[in-house]
$ cat input-v1.cif   # mmCIF, C-alpha atoms and all ligand atoms
data_protein
loop_
_atom_site.group_PDB
_atom_site.id
_atom_site.type_symbol
_atom_site.label_atom_id
_atom_site.label_comp_id
_atom_site.auth_asym_id
_atom_site.auth_seq_id
_atom_site.Cartn_x
_atom_site.Cartn_y
_atom_site.Cartn_z
ATOM 1 C CA MET A 1 -4.886 16.496 -2.491
ATOM 2 C CA ASN A 2 -3.046 17.676 -5.578
ATOM 3 C CA GLY A 3 -4.827 20.120 -7.806
ATOM 4 C CA THR A 4 -4.721 18.233 -11.112
ATOM 5 C CA ALA A 5 -6.943 15.638 -12.794
ATOM 6 C CA LYS A 6 -9.433 13.882 -10.538
ATOM 7 C CA GLY A 7 -10.375 10.735 -12.444
ATOM 8 C CA PRO A 8 -10.765 7.544 -10.457
ATOM 9 C CA VAL A 9 -7.543 5.617 -9.830
ATOM 10 C CA LEU A 10 -9.405 2.862 -8.038
ATOM 11 C CA GLN A 11 -12.951 1.654 -8.638
ATOM 12 C CA ALA A 12 -14.203 -1.432 -6.830
ATOM 13 C CA THR A 13 -17.790 -2.593 -7.252
ATOM 14 C CA GLY A 14 -19.806 -5.359 -5.624
ATOM 15 C CA LEU A 15 -16.891 -7.111 -3.957
ATOM 16 C CA VAL A 16 -17.691 -10.358 -2.181
ATOM 17 C CA LYS A 17 -15.016 -12.419 -0.453
ATOM 18 C CA CYS A 18 -15.444 -15.657 1.495
ATOM 19 C CA TYR A 19 -13.020 -17.950 3.285
ATOM 20 C CA GLY A 20 -14.767 -21.313 3.061
ATOM 21 C CA GLN A 21 -18.044 -20.870 4.978
ATOM 22 C CA LEU A 22 -16.972 -17.489 6.396
ATOM 23 C CA SER A 23 -18.084 -14.392 4.510
ATOM 24 C CA ALA A 24 -15.491 -11.679 5.068
ATOM 25 C CA LEU A 25 -16.727 -8.950 2.697
ATOM 26 C CA SER A 26 -19.958 -8.361 0.803
ATOM 27 C CA GLY A 27 -21.273 -5.609 -1.468
ATOM 28 C CA ILE A 28 -18.193 -3.426 -1.224
ATOM 29 C CA ASP A 29 -18.233 -0.396 -3.534
ATOM 30 C CA LEU A 30 -15.313 1.986 -3.303
ATOM 31 C CA THR A 31 -14.003 4.712 -5.613
ATOM 32 C CA VAL A 32 -10.796 6.646 -4.947
ATOM 33 C CA LEU A 33 -9.898 9.644 -7.114
ATOM 34 C CA SER A 34 -6.450 10.565 -8.352
ATOM 35 C CA GLY A 35 -4.445 12.326 -5.662
ATOM 36 C CA GLU A 36 -6.866 11.534 -2.837
ATOM 37 C CA ARG A 37 -5.627 10.366 0.535
ATOM 38 C CA VAL A 38 -8.264 8.057 1.951
ATOM 39 C CA ALA A 39 -8.322 6.302 5.321
ATOM 40 C CA VAL A 40 -10.249 3.044 5.682
ATOM 41 C CA ALA A 41 -10.867 2.259 9.332
ATOM 42 C CA GLY A 42 -12.338 -0.787 11.010
ATOM 43 C CA PRO A 43 -11.821 -2.954 14.074
ATOM 44 C CA SER A 44 -9.603 -6.011 14.053
ATOM 45 C CA GLY A 45 -11.193 -8.841 12.075
ATOM 46 C CA SER A 46 -13.495 -6.526 10.097
ATOM 47 C CA GLY A 47 -11.859 -7.452 6.777
ATOM 48 C CA LYS A 48 -9.332 -4.639 6.240
ATOM 49 C CA THR A 49 -6.479 -6.882 5.086
ATOM 50 C CA THR A 50 -8.888 -8.928 2.994
ATOM 51 C CA LEU A 51 -10.013 -5.704 1.286
ATOM 52 C CA LEU A 52 -6.425 -4.602 0.688
ATOM 53 C CA ASN A 53 -5.646 -7.973 -0.902
ATOM 54 C CA MET A 54 -8.575 -7.539 -3.320
ATOM 55 C CA LEU A 55 -7.775 -3.910 -4.175
ATOM 56 C CA GLY A 56 -4.082 -4.634 -4.689
ATOM 57 C CA GLY A 57 -4.737 -7.676 -6.871
ATOM 58 C CA VAL A 58 -3.037 -9.945 -4.329
ATOM 59 C CA ALA A 59 -6.161 -12.136 -4.181
ATOM 60 C CA LEU A 60 -9.385 -12.338 -6.166
ATOM 61 C CA PRO A 61 -12.915 -11.697 -4.895
ATOM 62 C CA GLU A 62 -15.664 -14.283 -5.443
ATOM 63 C CA THR A 63 -17.587 -11.638 -7.368
ATOM 64 C CA GLY A 64 -17.129 -7.976 -8.179
ATOM 65 C CA THR A 65 -14.692 -5.870 -10.133
ATOM 66 C CA VAL A 66 -11.545 -3.987 -9.152
ATOM 67 C CA ARG A 67 -10.362 -1.390 -11.634
ATOM 68 C CA VAL A 68 -7.017 0.314 -11.140
ATOM 69 C CA ASN A 69 -6.325 2.987 -13.765
ATOM 70 C CA GLY A 70 -9.164 1.406 -15.748
ATOM 71 C CA THR A 71 -7.722 -2.143 -15.777
ATOM 72 C CA ASP A 72 -10.020 -4.717 -14.170
ATOM 73 C CA LEU A 73 -7.722 -6.884 -12.048
ATOM 74 C CA THR A 74 -10.357 -9.623 -11.854
ATOM 75 C CA GLN A 75 -10.363 -10.069 -15.644
ATOM 76 C CA ILE A 76 -6.656 -10.626 -16.282
ATOM 77 C CA LYS A 77 -4.516 -13.708 -15.767
ATOM 78 C CA SER A 78 -2.480 -14.176 -12.616
ATOM 79 C CA ALA A 79 0.889 -13.358 -14.261
ATOM 80 C CA ALA A 80 -0.551 -10.217 -15.871
ATOM 81 C CA ARG A 81 -2.029 -9.194 -12.502
ATOM 82 C CA ASP A 82 1.368 -9.617 -10.814
ATOM 83 C CA ALA A 83 3.026 -7.538 -13.543
ATOM 84 C CA PHE A 84 0.318 -4.862 -13.314
ATOM 85 C CA ARG A 85 0.705 -4.667 -9.549
ATOM 86 C CA ALA A 86 4.502 -4.378 -9.819
ATOM 87 C CA ASP A 87 4.095 -1.452 -12.243
ATOM 88 C CA HIS A 88 1.208 0.501 -10.738
ATOM 89 C CA ILE A 89 0.590 -0.362 -7.078
ATOM 90 C CA GLY A 90 2.891 0.100 -4.088
ATOM 91 C CA ILE A 91 1.766 -1.958 -1.095
ATOM 92 C CA ILE A 92 2.957 -1.522 2.473
ATOM 93 C CA PHE A 93 1.960 -4.859 3.958
ATOM 94 C CA GLN A 94 0.894 -5.232 7.581
ATOM 95 C CA MET A 95 3.918 -7.456 8.260
ATOM 96 C CA PHE A 96 6.060 -5.456 5.769
ATOM 97 C CA ASN A 97 7.129 -8.586 3.776
ATOM 98 C CA LEU A 98 10.752 -7.512 3.394
ATOM 99 C CA ILE A 99 13.304 -10.054 2.160
ATOM 100 C CA PRO A 100 15.003 -10.740 5.513
ATOM 101 C CA TYR A 101 18.585 -11.317 4.366
ATOM 102 C CA LEU A 102 18.693 -8.345 1.973
ATOM 103 C CA SER A 103 19.711 -4.848 3.070
ATOM 104 C CA PRO A 104 17.219 -1.950 2.964
ATOM 105 C CA ILE A 105 18.698 -0.637 -0.300
ATOM 106 C CA GLU A 106 18.448 -4.082 -1.917
ATOM 107 C CA ASN A 107 14.858 -4.515 -0.727
ATOM 108 C CA VAL A 108 13.886 -1.162 -2.222
ATOM 109 C CA THR A 109 15.691 -1.544 -5.561
ATOM 110 C CA LEU A 110 14.029 -4.946 -6.002
ATOM 111 C CA ALA A 111 10.752 -3.121 -6.728
ATOM 112 C CA CYS A 112 12.447 -1.620 -9.805
ATOM 113 C CA ARG A 113 13.815 -4.975 -10.909
ATOM 114 C CA PHE A 114 10.280 -6.375 -10.966
ATOM 115 C CA SER A 115 8.978 -3.409 -12.944
ATOM 116 C CA ARG A 116 10.493 -1.942 -16.075
ATOM 117 C CA ARG A 117 8.046 0.940 -15.787
ATOM 118 C CA ARG A 118 9.124 1.923 -12.279
ATOM 119 C CA HIS A 119 12.779 1.500 -13.245
ATOM 120 C CA ALA A 120 12.236 3.814 -16.218
ATOM 121 C CA VAL A 121 10.475 6.429 -14.057
ATOM 122 C CA VAL A 122 13.524 6.509 -11.778
ATOM 123 C CA THR A 123 16.139 6.606 -14.531
ATOM 124 C CA ASN A 124 14.191 9.344 -16.338
ATOM 125 C CA LYS A 125 14.892 11.472 -13.260
ATOM 126 C CA SER A 126 18.551 10.947 -14.250
ATOM 127 C CA CYS A 127 19.518 8.812 -11.303
ATOM 128 C CA SER A 128 20.009 5.076 -10.821
ATOM 129 C CA ALA A 129 17.565 2.853 -8.907
ATOM 130 C CA ARG A 130 20.222 2.595 -6.192
ATOM 131 C CA GLU A 131 20.572 6.370 -5.875
ATOM 132 C CA GLU A 132 16.792 6.813 -5.710
ATOM 133 C CA ALA A 133 16.465 4.023 -3.110
ATOM 134 C CA LEU A 134 19.175 5.701 -1.026
ATOM 135 C CA ARG A 135 17.399 9.073 -1.308
ATOM 136 C CA LEU A 136 14.040 7.618 -0.227
ATOM 137 C CA LEU A 137 15.538 5.622 2.643
ATOM 138 C CA MET A 138 17.481 8.624 3.937
ATOM 139 C CA ARG A 139 14.310 10.697 3.596
ATOM 140 C CA MET A 140 12.671 8.043 5.761
ATOM 141 C CA GLN A 141 15.331 8.846 8.359
ATOM 142 C CA LEU A 142 17.395 5.674 8.138
ATOM 143 C CA ASN A 143 21.158 6.100 8.387
ATOM 144 C CA GLU A 144 23.391 5.266 5.461
ATOM 145 C CA ALA A 145 25.322 2.428 7.151
ATOM 146 C CA THR A 146 22.076 0.661 8.069
ATOM 147 C CA ILE A 147 20.655 1.248 4.584
ATOM 148 C CA ILE A 148 23.616 -0.365 2.885
ATOM 149 C CA HIS A 149 24.820 -3.015 5.329
ATOM 150 C CA SER A 150 22.098 -4.262 7.701
ATOM 151 C CA PRO A 151 19.996 -7.242 6.653
ATOM 152 C CA ALA A 152 16.284 -6.477 7.088
ATOM 153 C CA PHE A 153 15.880 -9.066 9.851
ATOM 154 C CA GLU A 154 18.194 -7.013 12.091
ATOM 155 C CA LEU A 155 16.038 -3.879 11.820
ATOM 156 C CA SER A 156 13.543 -2.650 14.420
ATOM 157 C CA ILE A 157 9.849 -2.678 13.514
ATOM 158 C CA GLY A 158 9.947 1.092 12.982
ATOM 159 C CA GLN A 159 12.909 0.757 10.619
ATOM 160 C CA GLN A 160 11.313 -2.120 8.689
ATOM 161 C CA GLN A 161 8.168 -0.084 8.238
ATOM 162 C CA ARG A 162 10.117 2.808 6.742
ATOM 163 C CA VAL A 163 11.931 0.442 4.352
ATOM 164 C CA ALA A 164 8.560 -0.983 3.303
ATOM 165 C CA ALA A 165 7.295 2.565 2.681
ATOM 166 C CA ALA A 166 10.350 3.446 0.557
ATOM 167 C CA ARG A 167 9.889 0.224 -1.418
ATOM 168 C CA SER A 168 6.239 1.056 -2.108
ATOM 169 C CA LEU A 169 7.127 4.570 -3.307
ATOM 170 C CA ILE A 170 10.122 3.990 -5.592
ATOM 171 C CA GLY A 171 9.331 4.589 -9.261
ATOM 172 C CA SER A 172 6.082 6.423 -8.358
ATOM 173 C CA PRO A 173 3.320 3.822 -8.714
ATOM 174 C CA GLU A 174 -0.018 5.619 -9.052
ATOM 175 C CA LEU A 175 -1.670 3.869 -6.102
ATOM 176 C CA ILE A 176 -0.127 3.304 -2.667
ATOM 177 C CA ILE A 177 -2.009 1.014 -0.305
ATOM 178 C CA ALA A 178 -0.837 0.781 3.296
ATOM 179 C CA ASP A 179 -2.141 -1.858 5.718
ATOM 180 C CA GLU A 180 -1.888 -0.530 9.290
ATOM 181 C CA PRO A 181 1.788 0.316 8.869
ATOM 182 C CA THR A 182 1.876 2.355 12.076
ATOM 183 C CA SER A 183 0.206 -0.128 14.393
ATOM 184 C CA ALA A 184 3.413 -1.152 16.199
ATOM 185 C CA LEU A 185 4.703 2.388 16.691
ATOM 186 C CA ASP A 186 4.678 4.936 19.489
ATOM 187 C CA HIS A 187 2.485 7.952 18.910
ATOM 188 C CA ASP A 188 5.339 10.429 18.134
ATOM 189 C CA VAL A 189 7.141 8.133 15.717
ATOM 190 C CA ARG A 190 3.817 7.327 14.087
ATOM 191 C CA GLN A 191 3.160 10.980 13.282
ATOM 192 C CA VAL A 192 6.657 11.483 11.864
ATOM 193 C CA PHE A 193 6.132 8.482 9.607
ATOM 194 C CA ILE A 194 2.732 9.684 8.393
ATOM 195 C CA ASN A 195 4.168 13.122 7.588
ATOM 196 C CA LEU A 196 6.977 11.534 5.563
ATOM 197 C CA LEU A 197 4.564 9.252 3.758
ATOM 198 C CA PHE A 198 2.250 12.175 2.886
ATOM 199 C CA ASP A 199 5.189 14.236 1.585
ATOM 200 C CA GLU A 200 6.492 11.474 -0.646
ATOM 201 C CA VAL A 201 3.030 10.505 -1.886
ATOM 202 C CA ALA A 202 2.401 14.167 -2.807
ATOM 203 C CA ASP A 203 5.796 14.484 -4.533
ATOM 204 C CA ALA A 204 5.093 11.344 -6.551
ATOM 205 C CA GLY A 205 1.578 12.586 -7.440
ATOM 206 C CA ALA A 206 0.299 9.280 -6.053
ATOM 207 C CA THR A 207 -3.005 8.297 -4.468
ATOM 208 C CA LEU A 208 -2.992 6.853 -0.946
ATOM 209 C CA LEU A 209 -5.345 4.335 0.594
ATOM 210 C CA PHE A 210 -4.385 3.934 4.224
ATOM 211 C CA ILE A 211 -5.961 1.134 6.212
ATOM 212 C CA SER A 212 -5.975 1.538 9.963
ATOM 213 C CA HIS A 213 -7.832 0.536 13.096
ATOM 214 C CA ASP A 214 -6.651 3.742 14.759
ATOM 215 C CA PRO A 215 -9.458 6.336 14.447
ATOM 216 C CA GLY A 216 -7.088 9.006 15.802
ATOM 217 C CA LEU A 217 -5.178 9.042 12.518
ATOM 218 C CA ALA A 218 -8.176 9.407 10.256
ATOM 219 C CA ASP A 219 -8.598 13.188 10.691
ATOM 220 C CA GLN A 220 -5.527 13.861 8.606
ATOM 221 C CA PHE A 221 -6.955 12.322 5.444
ATOM 222 C CA ASP A 222 -9.031 13.887 2.653
ATOM 223 C CA ARG A 223 -11.722 11.258 3.242
ATOM 224 C CA ARG A 224 -12.503 8.656 5.907
ATOM 225 C CA ILE A 225 -14.399 5.457 5.286
ATOM 226 C CA LYS A 226 -15.559 3.032 7.967
ATOM 227 C CA LEU A 227 -15.316 -0.467 6.584
ATOM 228 C CA THR A 228 -18.317 -1.487 8.657
ATOM 229 C CA ASP A 229 -20.373 1.202 6.830
ATOM 230 C CA ILE A 230 -19.617 -0.167 3.354
ATOM 231 C CA ASN A 231 -19.539 -3.906 4.189
ATOM 232 C CA GLU A 232 -23.062 -5.371 3.853
ATOM 233 C CA LEU A 233 -22.190 -8.053 6.401
ATOM 234 C CA HIS A 234 -22.172 -5.584 9.285
HETATM 235 N N1 LIG B 301 -6.629 -16.770 4.910
HETATM 236 C C1 LIG B 301 -7.737 -16.802 5.680
HETATM 237 N N2 LIG B 301 -8.414 -17.942 5.868
HETATM 238 C C2 LIG B 301 -9.541 -17.986 6.628
HETATM 239 N N3 LIG B 301 -10.078 -16.901 7.236
HETATM 240 C C3 LIG B 301 -9.436 -15.722 7.087
HETATM 241 C C4 LIG B 301 -8.226 -15.607 6.299
HETATM 242 N N4 LIG B 301 -7.822 -14.301 6.325
HETATM 243 C C5 LIG B 301 -8.733 -13.648 7.081
HETATM 244 N N5 LIG B 301 -9.697 -14.495 7.542
HETATM 245 C C6 LIG B 301 -10.861 -14.113 8.376
HETATM 246 O O1 LIG B 301 -11.551 -13.063 7.690
HETATM 247 C C7 LIG B 301 -11.971 -12.060 8.603
HETATM 248 C C8 LIG B 301 -11.322 -10.714 8.218
HETATM 249 O O2 LIG B 301 -9.912 -10.813 8.431
HETATM 250 P P1 LIG B 301 -8.906 -9.648 8.038
HETATM 251 O O3 LIG B 301 -9.190 -9.230 6.655
HETATM 252 O O4 LIG B 301 -7.530 -10.127 8.338
HETATM 253 O O5 LIG B 301 -9.343 -8.484 9.057
HETATM 254 P P2 LIG B 301 -8.543 -7.208 9.613
HETATM 255 O O6 LIG B 301 -7.381 -6.980 8.699
HETATM 256 O O7 LIG B 301 -9.556 -6.118 9.620
HETATM 257 O O8 LIG B 301 -8.112 -7.551 11.002
HETATM 258 C C9 LIG B 301 -11.580 -12.559 10.002
HETATM 259 O O9 LIG B 301 -12.696 -13.206 10.531
HETATM 260 C C10 LIG B 301 -10.456 -13.533 9.720
HETATM 261 O O10 LIG B 301 -10.391 -14.521 10.706
HETATM 262 MG MG MG B 302 -5.317 -6.767 8.990
#

$ encode --input "input-v1.cif" --output "structure tokens" --more "lines below"
Ligand SMILES: Nc1ncnc2c1ncn2[C@@H]1O[C@H](COP(=O)(O)OP(=O)(O)O)[C@@H](O)[C@H]1O
Ligand SMILES: [Mg+2]
Amino acid sequence: MNGTAKGPVLQATGLVKCYGQLSALSGIDLTVLSGERVAVAGPSGSGKTTLLNMLGGVALPETGTVRVNGTDLTQIKSAARDAFRADHIGIIFQMFNLIPYLSPIENVTLACRFSRRRHAVVTNKSCSAREEALRLLMRMQLNEATIIHSPAFELSIGQQQRVAAARSLIGSPELIIADEPTSALDHDVRQVFINLLFDEVADAGATLLFISHDPGLADQFDRRIKLTDINELH
């Protein structure tokens, strides 16, 4: 955890989410403070991705509020929510969601094209979005030829995951949410990735919410939450 201000970056209260007749989440309250690294663990099907979608403003709950930096994502229009997410939240999706025919560097710089704020954060460091994307991708241990020339669909799962991490980090959004990004990786590679992610999150002064079904990872975080403990349905 960094040693500076500790206000809440994320405050969710009373979240309820249903898919038709199926209740996926109920009564979820969750507060994450600035600079915290929090692991949310739960078995497959327990609602982890559903929770991430609510907290990242990707989908809306039936009831409840989700405040990120004080803005309630449930109270703003869809276009404003998309713009807010692009500026303030970096998401590493479970399936990575890279644009398959774009190279790693193009996938990462895209995050700055969707957000003037993140673009400005990068250029204020006196480098271009392309230079910063290259730095992050090389930091994530991808080689330069792959970064510049390989379309994302040609990359291994481990490489795609590191591109997705670089894309979430560029321009220092305050909140990084990762949805089981290490699930397809061998143990050694997994640890290397987590170390890199922690380093970059700390450098950016960001807050990390890391969703995982792997309890072995949870020890490394400032705080561990079991989704089944905070979901009234269980
Ligand atoms: N789009 C959807 N439509 C219908 N049911 C869904 C949808 N997404 C998830 N679910 C259901 O909601 C529950 C929680 O799913 P999910 O959030 O994906 O869990 P996890 O990420 O922990 O594996 C599961 O029962 C799943 O089948
Ligand atoms: Mg999931």

$ residues_around --input "input-v1.cif" --residues "Ala120 in chain A" --least-positions-apart "3" --cutoff "12 Å" --atoms "all atoms listed in the file" --output "number ranges by chain"
A: 87, 111-117, 123-129, 132, 170-173

$ atom_distance --input "input-v1.cif" --atom1 "CA of Cys18 in chain A" --atom2 "CA of Asn53 in chain A"
12.7 Å

$ residues_near_ligand --input "input-v1.cif" --ligand "ligand MG 302 (chain B)" --cutoff "7 Å" --atoms "all atoms listed in the file" --output "ChimeraX atom specification"
/A:44-45,47-49,94,179

$ write_last_selection --input "input-v1.cif" --atoms "C-alpha atoms" --output "PDB file, in the frame of the given file"
ATOM      1  CA  SER A  44      -9.603  -6.011  14.053  1.00  0.00           C
ATOM      2  CA  GLY A  45     -11.193  -8.841  12.075  1.00  0.00           C
ATOM      3  CA  GLY A  47     -11.859  -7.452   6.777  1.00  0.00           C
ATOM      4  CA  LYS A  48      -9.332  -4.639   6.240  1.00  0.00           C
ATOM      5  CA  THR A  49      -6.479  -6.882   5.086  1.00  0.00           C
ATOM      6  CA  GLN A  94       0.894  -5.232   7.581  1.00  0.00           C
ATOM      7  CA  ASP A 179      -2.141  -1.858   5.718  1.00  0.00           C
TER       8      ASP A 179
END

$ closest_atom_pairs --input "input-v1.cif" --of "chain A" --to "ligand LIG 301 (chain B)" --cutoff "12 Å" --atoms "all atoms listed in the file" --output "tab-separated table"
residue	atom	partner	partner_atom	distance
A:Val16	CA	B:LIG301	O1	11.9
A:Lys17	CA	B:LIG301	O1	8.9
A:Cys18	CA	B:LIG301	O1	7.8
A:Tyr19	CA	B:LIG301	C2	4.8
A:Gly20	CA	B:LIG301	C2	7.1
A:Gln21	CA	B:LIG301	C2	9.1
A:Leu22	CA	B:LIG301	N3	7.0
A:Ser23	CA	B:LIG301	O1	7.4
A:Ala24	CA	B:LIG301	O1	4.9
A:Leu25	CA	B:LIG301	C8	7.9
A:Ser26	CA	B:LIG301	C8	11.6
A:Val40	CA	B:LIG301	O7	10.0
A:Ala41	CA	B:LIG301	O7	8.5
A:Gly42	CA	B:LIG301	O7	6.2
A:Pro43	CA	B:LIG301	O7	5.9
A:Ser44	CA	B:LIG301	O8	3.7
A:Gly45	CA	B:LIG301	O8	3.5
A:Ser46	CA	B:LIG301	O7	4.0
A:Gly47	CA	B:LIG301	O3	3.2
A:Lys48	CA	B:LIG301	O7	3.7
A:Thr49	CA	B:LIG301	O6	3.7
A:Thr50	CA	B:LIG301	O3	3.7
A:Leu51	CA	B:LIG301	O3	6.5
A:Leu52	CA	B:LIG301	O3	8.0
A:Asn53	CA	B:LIG301	O3	8.4
A:Met54	CA	B:LIG301	O3	10.1
A:Ala59	CA	B:LIG301	N1	10.2
A:Phe93	CA	B:LIG301	O6	10.7
A:Gln94	CA	B:LIG301	O6	8.5
A:Met95	CA	B:LIG301	O6	11.3
A:Ala178	CA	B:LIG301	O6	11.5
A:Asp179	CA	B:LIG301	O6	7.9
A:Glu180	CA	B:LIG301	O6	8.5
A:Pro181	CA	B:LIG301	O6	11.7
A:Ser183	CA	B:LIG301	O8	11.7
A:Ile211	CA	B:LIG301	O6	8.6
A:Ser212	CA	B:LIG301	O7	8.5
A:His213	CA	B:LIG301	O7	7.7
A:Asp214	CA	B:LIG301	O7	11.5
A:Lys226	CA	B:LIG301	O7	11.1
A:Leu227	CA	B:LIG301	O7	8.6
A:Thr228	CA	B:LIG301	O7	10.0
A:Asn231	CA	B:LIG301	C8	11.4
A:Leu233	CA	B:LIG301	C7	11.2

$ atom_distance --input "input-v1.cif" --atom1 "CA of Leu169 in chain A" --atom2 "CA of Gln75 in chain A"
25.9 Å

$ closest_residue --input "input-v1.cif" --among "A:Phe193, A:Phe221, A:Phe96, A:Phe210" --to "Arg139 in chain A" --atoms "all atoms listed in the file"
A:Phe193

$ closest_residue --input "input-v1.cif" --among "A:Leu33, A:Ala12, A:Ala152, A:Ile92" --to "Leu73 in chain A" --atoms "all atoms listed in the file"
A:Ala12

$ atom_distance --input "input-v1.cif" --atom1 "CA of Ala206 in chain A" --atom2 "CA of Ala166 in chain A"
13.4 Å

$ residues_around --input "input-v1.cif" --residues "Val163 in chain A" --least-positions-apart "4" --cutoff "12 Å" --atoms "all atoms listed in the file" --output "MDAnalysis selection string"
chainID A and resid 91:93 95:100 102:111 133:143 146:148 150:153 155:159 167:170 181 193 197
